[in-house]
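Student: Provided herewith is a single structure, encoded as C-alpha cells, for subsequent inquiry.
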Amino acid sequence: MFEESIKQLEEIVAKLEKGDATLEESLDMFEKGIKLSKKCNEMLDKAEKRVSVLINGEKQDFVTNEE
C-alpha cells in the first residue's frame, strides 16, 4: 500500500513537472498528490511507532533478564 501510494505520487510529480496539463488538471493532480503525501506520512508515522514499541519492548525484556 505504501509503495503503491509513493509510485502514484511520483507519477503525479512527473506529470506536473512536464507542464503540459491545464490549470484545472494540475490543480486536481496537486490535490491528489497532497492527499497521497498525507496518507504516506500517516503510514510512516504508524511504522515508526511500531518500531519504537518493538525496540522499547526489547529493552524492557533485556532489563528484566539482567535482574
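Following the order of the C-alpha cells, chains are lettered A, B, ..., residues in each are numbered from 1, and ligands are numbered from 1.
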Report as a PyMOL selection string all protein, DNA and RNA residues lying within 9 Å of Val13 of chain A, evaluated on only C-alpha atoms, omitting residues in the same chain fewer than 6 positions from it.
Tutor: chain A and resi 29-30+33
Student: For Gln8 of chain A, find every residue with an atom within 12 Å (counting only C-alpha atoms), except residues of its own chain fewer than 6 positions away, and show them as a CSV table (one decimal) with N, CA and C atoms, in the first residue's frame.
Tutor:
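Generated file (result.csv):
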chain,number,residue,atom,x,y,z
A,1,MET,N,0.8,-1.2,0.0
A,1,MET,CA,0.0,0.0,0.0
A,1,MET,C,0.9,1.3,0.0
A,2,PHE,N,1.9,1.3,0.9
A,2,PHE,CA,2.8,2.5,0.9
A,2,PHE,C,3.5,2.6,-0.4
A,14,ALA,N,5.8,13.7,-11.8
A,14,ALA,CA,6.4,13.7,-13.2
A,14,ALA,C,5.4,14.4,-14.2
A,15,LYS,N,4.1,14.2,-14.1
A,15,LYS,CA,3.2,14.8,-14.9
A,15,LYS,C,3.2,16.4,-14.7
A,29,MET,N,-4.4,17.2,-9.9
A,29,MET,CA,-3.3,16.3,-9.6
A,29,MET,C,-2.6,16.8,-8.3
A,30,PHE,N,-2.5,18.1,-8.1
A,30,PHE,CA,-1.8,18.6,-6.9
A,30,PHE,C,-2.6,18.2,-5.7
A,32,LYS,N,-4.6,15.6,-5.4
A,32,LYS,CA,-4.5,14.1,-5.2
A,32,LYS,C,-3.1,13.9,-4.6
A,33,GLY,N,-2.1,14.6,-5.1
A,33,GLY,CA,-0.7,14.4,-4.5
A,33,GLY,C,-0.6,14.8,-3.1
A,34,ILE,N,-1.3,15.8,-2.7
A,34,ILE,CA,-1.3,16.2,-1.3
A,34,ILE,C,-1.9,15.1,-0.4
A,35,LYS,N,-3.1,14.6,-0.9
A,35,LYS,CA,-3.7,13.5,-0.2
A,35,LYS,C,-2.8,12.3,0.0
A,36,LEU,N,-2.2,11.9,-1.1
A,36,LEU,CA,-1.3,10.8,-1.1
A,36,LEU,C,-0.1,11.0,-0.2
A,37,SER,N,0.4,12.2,-0.2
A,37,SER,CA,1.5,12.6,0.7
A,37,SER,C,1.1,12.5,2.2
A,39,LYS,N,-1.3,10.6,3.3
A,39,LYS,CA,-1.5,9.2,3.6
A,39,LYS,C,-0.2,8.5,3.8
A,40,CYS,N,0.8,8.8,3.0
A,40,CYS,CA,2.2,8.2,3.2
A,40,CYS,C,2.8,8.6,4.5
Student: Atom CA of Gly19 of chain A to atom CA of Ser5 of chain A: how many Å, to one decimal?
Tutor: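 Distance reported for this atom pair: 21.8 Å.
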Student: Report, in Å with one decimal, the straight-line distance from atom CA of Glu31 of chain A to atom CA of Leu16 of chain A.
Tutor: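 According to the coordinates, atom CA of Glu31 of chain A and atom CA of Leu16 of chain A are separated by 11.6 Å.
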Student: In Å, with one decimal, what is the gap from atom CA of Glu3 of chain A to atom CA of Lys18 of chain A?
Tutor: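 Calculated distance between atom CA of Glu3 of chain A and atom CA of Lys18 of chain A is 22.7 Å.
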